[in-house]
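Pasted below: input-v6.cif, mmCIF, C-alpha atoms.
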data_data
#
loop_
_atom_site.label_atom_id
_atom_site.label_comp_id
_atom_site.auth_asym_id
_atom_site.auth_seq_id
_atom_site.Cartn_x
_atom_site.Cartn_y
_atom_site.Cartn_z
CA MET G 115 0.00 0.00 0.00
CA ASN G 116 1.32 3.46 -0.89
CA VAL G 117 1.12 5.95 2.00
CA ILE G 118 1.22 9.72 1.64
CA ALA G 119 3.64 11.36 4.09
CA THR G 120 2.75 14.99 3.40
CA GLU G 121 -0.48 16.84 4.08
CA ASN G 122 -2.41 18.41 1.22
CA ASP G 123 -2.26 22.20 1.27
CA PRO G 124 -3.30 25.19 -0.89
CA LEU G 125 0.29 25.10 -2.21
CA PRO G 126 0.91 21.33 -2.18
CA ILE G 127 4.40 21.14 -3.65
CA GLN G 128 7.23 18.89 -2.47
CA ASN G 129 10.23 17.26 -4.14
CA GLU G 130 13.59 15.62 -3.29
CA SER G 131 12.72 13.27 -0.45
CA SER G 132 14.88 11.55 2.17
CA ILE G 133 13.89 8.98 4.80
CA ALA G 134 15.55 7.28 7.80
CA ILE G 135 14.60 4.63 10.38
CA ASN G 136 15.42 4.74 14.09
CA PRO G 137 17.69 1.77 14.99
CA LYS G 138 16.51 1.99 18.60
CA ASN G 139 12.83 1.90 17.59
CA PRO G 140 12.24 0.60 14.04
CA ARG G 141 8.62 1.77 14.09
CA ASN G 142 9.91 5.35 14.23
CA LEU G 143 10.79 6.98 10.91
CA ILE G 144 11.59 10.53 9.88
CA ALA G 145 11.50 12.01 6.38
CA SER G 146 11.83 15.36 4.70
CA ALA G 147 11.62 17.01 1.30
CA VAL G 148 11.96 20.35 -0.41
CA ASP G 149 8.63 21.74 0.76
CA TYR G 150 7.15 24.98 -0.58
CA ARG G 151 4.56 25.36 2.16
CA GLY G 152 5.06 28.33 4.45
CA ASN G 153 7.01 30.15 1.72
CA SER G 154 9.60 27.36 1.62
CA SER G 155 10.02 26.72 5.33
CA THR G 156 11.85 23.70 6.74
CA TRP G 157 9.57 20.68 7.24
CA VAL G 158 10.06 17.23 8.70
CA TYR G 159 7.62 14.30 8.59
CA VAL G 160 7.46 11.84 11.50
CA SER G 161 5.92 8.37 11.84
CA SER G 162 5.68 6.29 15.02
CA ASP G 163 3.81 3.32 13.53
CA GLY G 164 6.14 1.96 10.87
CA GLY G 165 5.26 4.47 8.17
CA ARG G 166 1.48 4.03 8.12
CA ARG G 167 0.65 7.50 9.42
CA TRP G 168 2.72 10.68 9.33
CA ARG G 169 2.77 13.97 11.19
CA ASN G 170 4.13 17.08 9.44
CA ILE G 171 6.17 19.54 11.53
CA ASN G 172 7.11 23.03 10.34
CA LEU G 173 10.51 24.06 11.73
CA GLY G 174 10.30 27.54 10.24
CA LYS G 175 13.31 29.34 8.77
CA PRO G 176 16.73 30.38 10.08
CA PHE G 177 15.96 33.97 9.00
CA PRO G 178 12.56 35.42 8.01
CA ASP G 179 13.67 36.57 4.55
CA TRP G 180 15.29 33.24 3.57
CA VAL G 181 13.97 30.11 1.93
CA SER G 182 15.18 27.06 3.84
CA SER G 183 14.12 23.68 2.57
CA ASN G 184 16.93 23.11 0.08
CA ASP G 185 18.31 19.60 -0.56
CA PRO G 186 17.11 18.06 2.72
CA SER G 187 18.42 14.78 4.11
CA VAL G 188 17.72 12.88 7.32
CA ALA G 189 19.57 10.34 9.47
CA PHE G 190 19.53 8.68 12.88
CA ASP G 191 22.60 7.96 14.96
CA GLY G 192 23.14 4.69 16.81
CA GLU G 193 21.57 6.09 19.98
CA GLY G 194 18.31 7.04 18.27
CA ARG G 195 18.90 10.77 17.86
CA GLY G 196 17.42 12.15 14.64
CA TYR G 197 19.11 14.66 12.35
CA LEU G 198 17.86 16.82 9.50
CA CYS G 199 20.30 18.61 7.19
CA TYR G 200 19.09 21.36 4.87
CA GLY G 201 20.20 24.56 3.22
CA GLY G 202 18.83 28.05 2.98
CA PHE G 203 19.49 31.29 1.16
CA ASN G 204 18.25 34.81 0.56
CA LEU G 205 16.96 35.18 -2.99
CA ASN G 206 17.83 38.88 -3.10
CA THR G 207 21.26 39.07 -1.45
CA GLY G 208 22.79 35.64 -2.13
CA GLU G 209 23.41 35.02 1.58
CA ASN G 210 23.33 31.28 2.18
CA GLY G 211 24.17 28.48 4.57
CA VAL G 212 23.89 24.84 5.57
CA PHE G 213 22.00 23.91 8.75
CA VAL G 214 21.02 20.94 10.88
CA ALA G 215 18.14 20.22 13.21
CA ILE G 216 18.38 17.68 16.05
CA SER G 217 15.71 15.59 17.77
CA THR G 218 16.26 13.45 20.86
CA ASP G 219 12.67 12.16 21.08
CA GLY G 220 12.10 10.45 17.75
CA GLY G 221 11.15 13.60 15.88
CA THR G 222 8.48 14.98 18.23
CA THR G 223 10.52 18.10 19.03
CA TRP G 224 13.51 19.66 17.27
CA GLN G 225 16.36 22.04 17.95
CA SER G 226 16.61 23.66 14.54
CA HIS G 227 18.71 26.00 12.40
CA ILE G 228 22.10 25.07 13.86
CA PRO G 229 24.63 26.40 11.32
CA VAL G 230 27.14 24.06 9.73
CA ILE G 231 28.40 26.97 7.65
CA LEU G 232 26.86 30.41 7.24
CA HIS G 233 27.52 33.25 4.78
CA ARG G 234 25.90 36.55 5.78
CA GLY G 235 26.58 40.16 4.90
CA THR G 236 27.80 41.53 1.59
CA MET G 237 28.13 38.81 -1.05
CA THR G 238 30.40 39.15 -4.09
CA PRO G 239 30.93 37.01 -7.21
CA ASP G 240 33.77 35.34 -5.29
CA SER G 241 31.58 34.46 -2.29
CA ALA G 242 30.78 30.77 -1.95
CA PHE G 243 27.35 29.32 -2.55
CA GLU G 244 26.91 25.98 -0.77
CA ASP G 245 24.76 23.34 -2.51
CA LYS G 246 23.89 19.61 -2.64
CA TYR G 247 24.60 18.58 0.96
CA TYR G 248 23.76 15.17 2.43
CA ILE G 249 24.11 13.93 6.02
CA THR G 250 25.69 10.63 7.16
CA VAL G 251 26.36 9.29 10.67
CA ASP G 252 29.02 6.75 11.69
CA ASN G 253 26.86 4.16 13.48
CA CYS G 254 29.39 1.33 13.75
CA PHE G 255 30.27 0.56 17.39
CA THR G 256 33.78 -0.61 16.45
CA SER G 257 34.65 2.71 14.81
CA PRO G 258 36.94 5.07 16.71
CA TYR G 259 34.67 7.84 15.38
CA TYR G 260 31.37 6.26 16.43
CA GLY G 261 28.65 8.92 16.41
CA ARG G 262 30.57 11.39 14.25
CA ILE G 263 28.33 13.15 11.72
CA TYR G 264 29.54 13.97 8.21
CA ILE G 265 28.08 16.39 5.68
CA PRO G 266 29.79 16.73 2.29
CA TRP G 267 28.57 19.32 -0.19
CA LYS G 268 29.29 21.12 -3.44
CA ARG G 269 30.81 24.58 -3.15
CA VAL G 270 30.16 26.94 -6.07
CA ILE G 271 32.04 30.18 -6.79
CA PRO G 272 29.62 32.27 -8.90
CA ARG G 273 32.26 34.35 -10.72
CA ASP G 274 33.42 31.42 -12.87
CA ALA G 275 30.88 28.74 -11.85
CA SER G 276 33.78 26.66 -10.50
CA THR G 277 32.97 23.83 -8.12
CA GLN G 278 34.69 21.74 -5.49
CA ILE G 279 33.63 19.13 -2.95
CA VAL G 280 34.09 19.94 0.73
CA LEU G 281 33.03 18.23 3.97
CA ALA G 282 32.37 19.23 7.58
CA PHE G 283 31.97 16.94 10.57
CA SER G 284 30.60 17.10 14.10
CA SER G 285 31.84 15.11 17.09
CA ASP G 286 29.28 16.42 19.60
CA GLY G 287 25.97 15.33 18.15
CA GLY G 288 25.62 18.16 15.65
CA ARG G 289 25.95 21.07 18.07
CA THR G 290 29.24 22.36 16.60
CA TRP G 291 30.96 21.72 13.28
CA SER G 292 34.46 21.64 11.87
CA LEU G 293 35.62 24.06 9.24
CA PRO G 294 35.07 22.69 5.72
CA VAL G 295 37.72 20.19 4.66
CA THR G 296 38.75 19.95 1.00
CA VAL G 297 37.73 16.67 -0.64
CA SER G 298 38.34 17.70 -4.26
CA GLU G 299 40.08 20.73 -5.67
CA ARG G 300 38.22 23.65 -7.23
CA LEU G 301 37.42 22.91 -10.86
CA PRO G 302 36.47 25.55 -13.47
CA ALA G 303 33.17 25.14 -15.27
CA SER G 304 33.23 23.09 -18.46
CA SER G 305 31.40 23.92 -21.67
CA GLU G 306 30.20 20.30 -21.59
CA ASP G 307 28.78 20.65 -18.09
CA THR G 308 27.90 24.23 -17.22
CA THR G 309 25.25 23.42 -14.62
CA TYR G 310 26.56 20.93 -12.11
CA GLY G 311 30.35 20.56 -12.41
CA GLN G 312 31.34 18.47 -9.41
CA SER G 313 28.13 17.71 -7.55
CA PHE G 314 25.95 15.30 -5.55
CA PRO G 315 28.55 14.21 -2.95
CA LEU G 316 27.67 11.46 -0.48
CA ALA G 317 29.67 9.97 2.41
CA ALA G 318 29.68 6.45 3.83
CA THR G 319 31.65 5.09 6.78
CA GLY G 320 33.37 1.74 7.26
CA PRO G 321 33.64 -0.50 10.33
CA ASP G 322 37.08 0.94 11.15
CA GLY G 323 35.89 4.56 10.86
CA THR G 324 37.20 5.13 7.33
CA VAL G 325 35.18 7.81 5.53
CA TYR G 326 34.45 7.31 1.84
CA VAL G 327 33.06 10.12 -0.33
CA VAL G 328 31.69 9.79 -3.86
CA TRP G 329 30.36 12.48 -6.19
CA ASN G 330 29.44 13.15 -9.80
CA HIS G 331 32.39 14.57 -11.73
CA GLY G 332 30.27 16.09 -14.49
CA PRO G 333 32.99 17.30 -16.88
CA GLN G 334 34.62 13.84 -16.94
CA LYS G 335 31.30 11.96 -16.98
CA ALA G 336 32.64 9.89 -14.10
CA ILE G 337 32.16 9.17 -10.40
CA GLY G 338 34.74 10.72 -8.11
CA PHE G 339 36.02 8.95 -4.99
CA ALA G 340 38.15 10.01 -2.02
CA VAL G 341 39.02 8.42 1.33
CA SER G 342 39.73 9.72 4.84
CA ARG G 343 41.34 7.54 7.50
CA ASP G 344 41.43 10.21 10.21
CA GLY G 345 37.76 10.96 10.75
CA GLY G 346 37.37 13.43 7.91
CA ASN G 347 40.30 15.69 8.80
CA THR G 348 42.16 14.93 5.54
CA PHE G 349 41.33 13.10 2.32
CA SER G 350 43.28 11.13 -0.24
CA ALA G 351 43.76 12.49 -3.75
CA PRO G 352 40.50 12.08 -5.68
CA GLN G 353 40.13 9.23 -8.16
CA LEU G 354 37.63 8.58 -10.94
CA ILE G 355 36.29 5.09 -10.29
CA GLN G 356 33.45 4.64 -12.80
CA ARG G 357 32.73 6.26 -16.15
CA TYR G 358 29.14 6.66 -17.26
CA ARG G 359 27.11 7.58 -20.32
CA PRO G 360 25.03 10.73 -19.66
CA LEU G 361 21.51 10.19 -18.45
CA GLY G 362 18.67 10.75 -20.91
CA THR G 363 18.97 13.66 -23.34
CA ALA G 364 21.03 16.84 -22.96
CA LYS G 365 18.85 19.94 -22.90
CA ARG G 366 19.95 23.57 -22.81
CA ILE G 367 17.97 25.85 -20.50
CA PRO G 368 18.75 29.39 -19.24
CA GLU G 369 20.83 28.04 -16.33
CA GLY G 370 22.96 25.79 -18.57
CA ILE G 371 22.88 22.18 -19.72
CA ARG G 372 20.49 19.74 -18.05
CA HIS G 373 19.81 16.10 -18.75
CA THR G 374 16.22 14.97 -19.06
CA VAL G 375 14.31 11.71 -19.35
CA LYS G 376 11.24 11.21 -21.53
CA GLY G 377 8.87 14.16 -21.47
CA GLY G 378 11.63 16.65 -20.64
CA VAL G 379 11.78 15.87 -16.91
CA ARG G 380 15.15 16.77 -15.38
CA ALA G 381 17.18 13.80 -14.15
CA GLU G 382 20.92 13.82 -13.46
CA THR G 383 23.41 11.10 -12.62
CA TYR G 384 24.32 10.96 -8.93
CA PRO G 385 26.15 8.19 -7.04
CA VAL G 386 24.83 6.46 -3.92
CA LEU G 387 27.37 4.68 -1.70
CA VAL G 388 26.86 2.36 1.29
CA CYS G 389 29.27 0.24 3.34
CA ASP G 390 28.52 -3.05 5.09
CA THR G 391 29.34 -2.57 8.78
CA THR G 392 27.56 -5.72 9.96
CA ALA G 393 29.42 -8.67 11.49
CA GLY G 394 28.60 -10.77 8.42
CA PRO G 395 30.91 -12.19 5.73
CA ARG G 396 30.81 -9.01 3.63
CA ARG G 397 31.84 -6.65 6.42
CA GLY G 398 33.66 -3.65 4.97
CA TRP G 399 32.43 -4.13 1.39
CA LEU G 400 31.47 -0.96 -0.47
CA TYR G 401 28.45 -0.78 -2.75
CA LEU G 402 27.81 1.89 -5.37
CA CYS G 403 24.81 2.60 -7.59
CA TRP G 404 23.93 5.27 -10.13
CA ALA G 405 21.68 5.93 -13.14
CA ALA G 406 23.05 6.40 -16.65
CA ASP G 407 22.42 5.89 -20.40
CA SER G 408 20.16 7.60 -22.94
CA ILE G 409 17.47 5.05 -22.03
CA PRO G 410 18.21 5.25 -18.30
CA ASN G 411 19.31 2.18 -16.35
CA ILE G 412 20.37 1.63 -12.73
CA TYR G 413 23.97 0.43 -12.44
CA PHE G 414 25.73 -1.25 -9.53
CA SER G 415 29.35 -1.97 -8.63
CA ARG G 416 31.08 -3.28 -5.50
CA SER G 417 34.51 -3.05 -3.92
CA THR G 418 35.78 -5.71 -1.54
CA ASP G 419 39.11 -3.98 -0.83
CA GLY G 420 38.15 -0.55 0.49
CA GLY G 421 37.76 1.09 -2.90
CA LEU G 422 41.09 0.04 -4.43
CA THR G 423 39.29 -1.92 -7.15
CA TRP G 424 35.68 -2.08 -8.33
CA SER G 425 33.66 -4.78 -10.03
CA THR G 426 32.40 -4.40 -13.59
CA PRO G 427 29.11 -2.48 -13.41
CA ILE G 428 25.89 -4.45 -13.87
CA ILE G 429 22.27 -3.36 -14.40
CA VAL G 430 20.20 -4.34 -11.37
CA HIS G 431 16.72 -4.49 -12.92
CA SER G 432 15.27 -6.99 -15.36
CA ASP G 433 13.53 -4.47 -17.65
CA THR G 434 15.35 -3.48 -20.85
CA THR G 435 12.94 -1.03 -22.51
CA GLY G 436 11.69 1.45 -19.91
CA ASP G 437 13.38 4.32 -18.10
CA GLN G 438 14.76 3.72 -14.60
CA PHE G 439 16.16 6.73 -12.74
CA TRP G 440 16.39 8.59 -9.40
CA PRO G 441 17.77 5.59 -7.50
CA TRP G 442 18.58 5.36 -3.82
CA MET G 443 20.31 2.42 -2.17
CA ALA G 444 20.11 1.24 1.44
CA LEU G 445 21.76 -1.58 3.38
CA ASP G 446 19.92 -3.58 6.04
CA PRO G 447 22.11 -3.27 9.19
CA THR G 448 20.63 -6.51 10.56
CA THR G 449 21.58 -8.69 7.56
CA GLY G 450 23.82 -6.79 5.14
CA ASP G 451 21.20 -7.18 2.39
CA LEU G 452 20.83 -4.42 -0.22
CA ALA G 453 17.85 -2.62 -1.70
CA ILE G 454 17.76 -0.04 -4.49
CA MET G 455 14.57 1.91 -5.15
CA TYR G 456 14.02 3.87 -8.37
CA LEU G 457 11.37 5.44 -10.55
CA ASP G 458 10.34 3.03 -13.28
CA SER G 459 8.42 3.50 -16.55
CA ARG G 460 8.43 -0.13 -17.73
CA ASP G 461 4.62 -0.36 -17.56
CA ASP G 462 4.07 2.51 -20.01
CA PRO G 463 4.97 1.76 -23.66
CA GLN G 464 5.67 5.48 -24.20
CA ASN G 465 8.01 5.67 -21.18
CA LEU G 466 6.18 8.71 -19.79
CA LEU G 467 4.20 7.34 -16.84
CA VAL G 468 6.21 6.05 -13.90
CA THR G 469 5.83 4.07 -10.71
CA VAL G 470 8.31 2.88 -8.06
CA SER G 471 10.24 -0.39 -8.03
CA VAL G 472 12.81 -1.91 -5.69
CA SER G 473 15.62 -4.27 -6.68
CA TYR G 474 16.78 -6.45 -3.79
CA SER G 475 19.96 -8.50 -3.26
CA SER G 476 20.88 -10.87 -0.43
CA ASP G 477 24.28 -11.91 -1.84
CA GLY G 478 26.27 -8.69 -1.96
CA GLY G 479 24.84 -7.55 -5.27
CA MET G 480 25.73 -10.67 -7.24
CA THR G 481 22.06 -11.22 -8.13
CA TRP G 482 18.99 -9.01 -7.91
CA VAL G 483 15.22 -9.50 -7.73
CA ASP G 484 12.74 -6.78 -8.75
CA ARG G 485 9.79 -5.93 -6.51
CA ARG G 486 7.04 -3.46 -7.34
CA CYS G 487 6.25 -0.80 -4.73
CA GLY G 488 4.09 1.74 -6.51
CA ASP G 489 0.39 0.94 -6.77
CA THR G 490 -0.38 3.33 -9.61
CA LEU G 491 1.24 5.11 -12.57
CA TRP G 492 1.64 8.88 -12.64
CA ASP G 493 3.02 11.53 -14.98
CA LEU G 494 6.12 13.40 -13.77
CA ARG G 495 5.43 16.16 -16.28
CA ARG G 496 2.39 17.22 -14.25
CA ASN G 497 4.35 19.37 -11.82
CA PRO G 498 4.39 23.10 -11.01
CA PHE G 499 7.70 23.76 -12.81
CA ARG G 500 6.42 22.86 -16.24
CA GLU G 501 8.76 25.11 -18.24
CA ASN G 502 11.89 23.21 -17.21
CA ALA G 503 10.04 20.08 -16.01
CA PHE G 504 11.70 20.13 -12.59
CA ALA G 505 10.40 17.54 -10.13
CA GLY G 506 13.47 17.31 -7.92
CA ASP G 507 16.84 15.57 -8.21
CA TYR G 508 16.73 12.49 -5.96
CA SER G 509 14.64 10.01 -3.98
CA GLY G 510 15.21 8.23 -0.67
CA CYS G 511 15.29 4.76 0.87
CA THR G 512 15.94 3.10 4.22
CA PHE G 513 16.08 -0.62 5.08
CA TYR G 514 15.77 -2.51 8.37
CA ASN G 515 15.10 -6.15 9.31
CA GLY G 516 13.83 -7.05 5.85
CA TRP G 517 11.57 -4.02 5.47
CA VAL G 518 12.36 -1.47 2.75
CA TYR G 519 10.93 2.04 3.03
CA PRO G 520 11.36 3.96 -0.23
CA SER G 521 10.37 7.63 -0.38
CA TRP G 522 9.57 9.51 -3.54
CA VAL G 523 7.68 12.50 -4.95
CA ASP G 524 4.42 11.52 -6.63
CA MET G 525 2.02 13.48 -8.87
CA ARG G 526 -0.94 11.08 -8.72
CA ASN G 527 -3.11 13.68 -6.96
CA THR G 528 -2.61 16.35 -9.61
CA THR G 529 -5.86 17.69 -11.08
CA PHE G 530 -6.37 19.45 -14.39
CA ASN G 531 -5.80 22.92 -12.97
CA THR G 532 -3.73 22.29 -9.84
CA ALA G 533 -0.36 20.56 -9.59
CA ASP G 534 0.00 18.38 -6.51
CA ASN G 535 3.42 16.95 -5.67
CA ASP G 536 3.33 14.73 -2.58
CA VAL G 537 5.87 12.58 -0.76
CA TYR G 538 4.91 8.90 -0.61
CA THR G 539 6.33 5.76 0.91
CA ALA G 540 5.39 2.08 0.59
CA PRO G 541 6.84 -0.26 3.23
CA ILE G 542 7.64 -3.60 1.61
CA ASN G 543 8.99 -6.80 3.17
CA VAL G 544 11.46 -8.06 0.58
CA ARG G 545 11.95 -11.34 2.43
CA ALA G 546 8.27 -12.23 2.12
CA PRO G 547 7.38 -14.51 -0.83
CA MET G 548 6.23 -12.64 -3.92
CA PRO G 549 2.49 -13.01 -4.57
CA VAL G 550 1.58 -15.50 -7.27
CA ALA G 551 -0.60 -14.19 -10.08
CA ASN G 552 -3.95 -15.94 -10.51
#
Go ahead and render the structure in this file as structure tokens.
Amino acid sequence: MNVIATENDPLPIQNESSIAINPKNPRNLIASAVDYRGNSSTWVYVSSDGGRRWRNINLGKPFPDWVSSNDPSVAFDGEGRGYLCYGGFNLNTGENGVFVAISTDGGTTWQSHIPVILHRGTMTPDSAFEDKYYITVDNCFTSPYYGRIYIPWKRVIPRDASTQIVLAFSSDGGRTWSLPVTVSERLPASSEDTTYGQSFPLAATGPDGTVYVVWNHGPQKAIGFAVSRDGGNTFSAPQLIQRYRPLGTAKRIPEGIRHTVKGGVRAETYPVLVCDTTAGPRRGWLYLCWAADSIPNIYFSRSTDGGLTWSTPIIVHSDTTGDQFWPWMALDPTTGDLAIMYLDSRDDPQNLLVTVSVSYSSDGGMTWVDRRCGDTLWDLRRNPFRENAFAGDYSGCTFYNGWVYPSWVDMRNTTFNTADNDVYTAPINVRAPMPVAN
């Protein structure tokens, strides 16, 4: 059953969802999305019954004249504390920052708008704009950095549209943050990739506390990779570990070059990385997924040696004709099993209507089984940003004790005159036998 996590509203627009499960109470989940209610305030969605019902909480804004629901992501630490990372900026002045909110009661109450980095005052073309941040917590008890929180992001310098990947960390539960640490060097904009450059960074942590960061290196059409063995204080020289074919079709818009899937909907390649920190036989293995190709597919690769070498990429889904994009991967901390959710158009011969599927692996990604999550088809083109067909950049997924909780933005409630983007989830037990058709 598909469950709506957001409340309908006179301005019912959400996109870019993230979801996390509380390891101390698996019936407790938190989620968030870019949410345009309250003039783009910061929102978090909370469930205490395994994702069946959701409460929406408005955390407001760090400053009244800012918008503050940019690129949200959520996580729990090993003690059950919840974290929300998000960005904000002033549309008129260019002031901007990255923030976190903290909950110690499963999401009922929050301490919000704690700055990770903040740029206020006079902004110039050389002032940094921080973008595409995502939160990760080291939840492995054997790690010397257990409980440390990591947020990598893309730093943009407007004068030349150059980009670099940086990271900050917190060792006190998100109350204070390190200065940004360089992960990749500043890279000038490329005529082949004027919009994103280096973007979509994501961190994962290993059982020994090693920090791994991946990102999309747009100009090289490759996935970047760097490693820290001192808790995020320093990083190895970046490497390019996987090349990819651009996703969908290149489209030029006023902001630069975008890639779109069928119907002109924006969809970019971004990597998702997880590490097995269980006590099982694949402890320490790294798993990587991403979307690529003109007819988009979801690719997967693994490393069994800490990122020194990577397996030949494989496609995880059985369909060969539809579009599959916006993936998110999660690892079950109780078993080491893997799940990748993605939007999927295989049921529409024109590749325009989509639903949600999950591909599941119990053998370290050697083999995969597809499971359907969505219970209806919808049209991504029916969104408020019709000119550039923007419906967000990513989806979310969390996985615990055999249950997968994907989160995605869904347009099924759109009417002829009113766009309605809502965040949905659909808890699915991937260990349960698949139903047999009559």
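Atom CA of Pro294 of chain G lies 13.1 Å from atom CA of Ile263 of chain G.
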Practice prompt. Choose the residue, out of G:Pro360, G:Gly346, G:Pro541, G:Gly196, that has the smallest atom-to-atom separation from Arg486 of chain G; count all atoms listed in the file.
Written response: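 Residue with the minimum atom-to-atom distance to Arg486 of chain G: G:Pro541.
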To box segment 372-383 of chain G, take all atoms listed in the file, fit an axis-aligned box, add 5 Å on each side, and give centre and edge lengths in Å to one decimal, as lines of an AutoDock Vina configuration file.
center_x = 16.1
center_y = 15.4
center_z = -17.1
size_x = 24.5
size_y = 18.6
size_z = 18.9
Practice prompt. Measuring atom to atom with all atoms listed in the file, identify which of G:Gly288, G:Asp179, G:Trp168, G:Ile127 is nearest to Asp191 of chain G.
Written response: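 Checking each of G:Gly288, G:Asp179, G:Trp168, G:Ile127 against Asp191 of chain G, counting all atoms listed in the file, the winner is G:Gly288.
The two atoms in question, atom CA of Phe283 of chain G and atom CA of Gly338 of chain G, are spaced 19.9 Å apart.
Within 10 Å of the file-frame point (10.4, -4.3, -18.4), and using only C-alpha atoms, the polymer residues found are His431, Ser432, Asp433, Thr434, Thr435, Gly436, Asp437, Gln438, Asp458, Ser459, Arg460, Asp461, Asp462 and Pro463 of chain G.
Minimum distance to Val251 of chain G across G:Ile454, G:Ala546, G:Ala381, G:Ala189 (counting all atoms listed in the file) occurs at G:Ala189.
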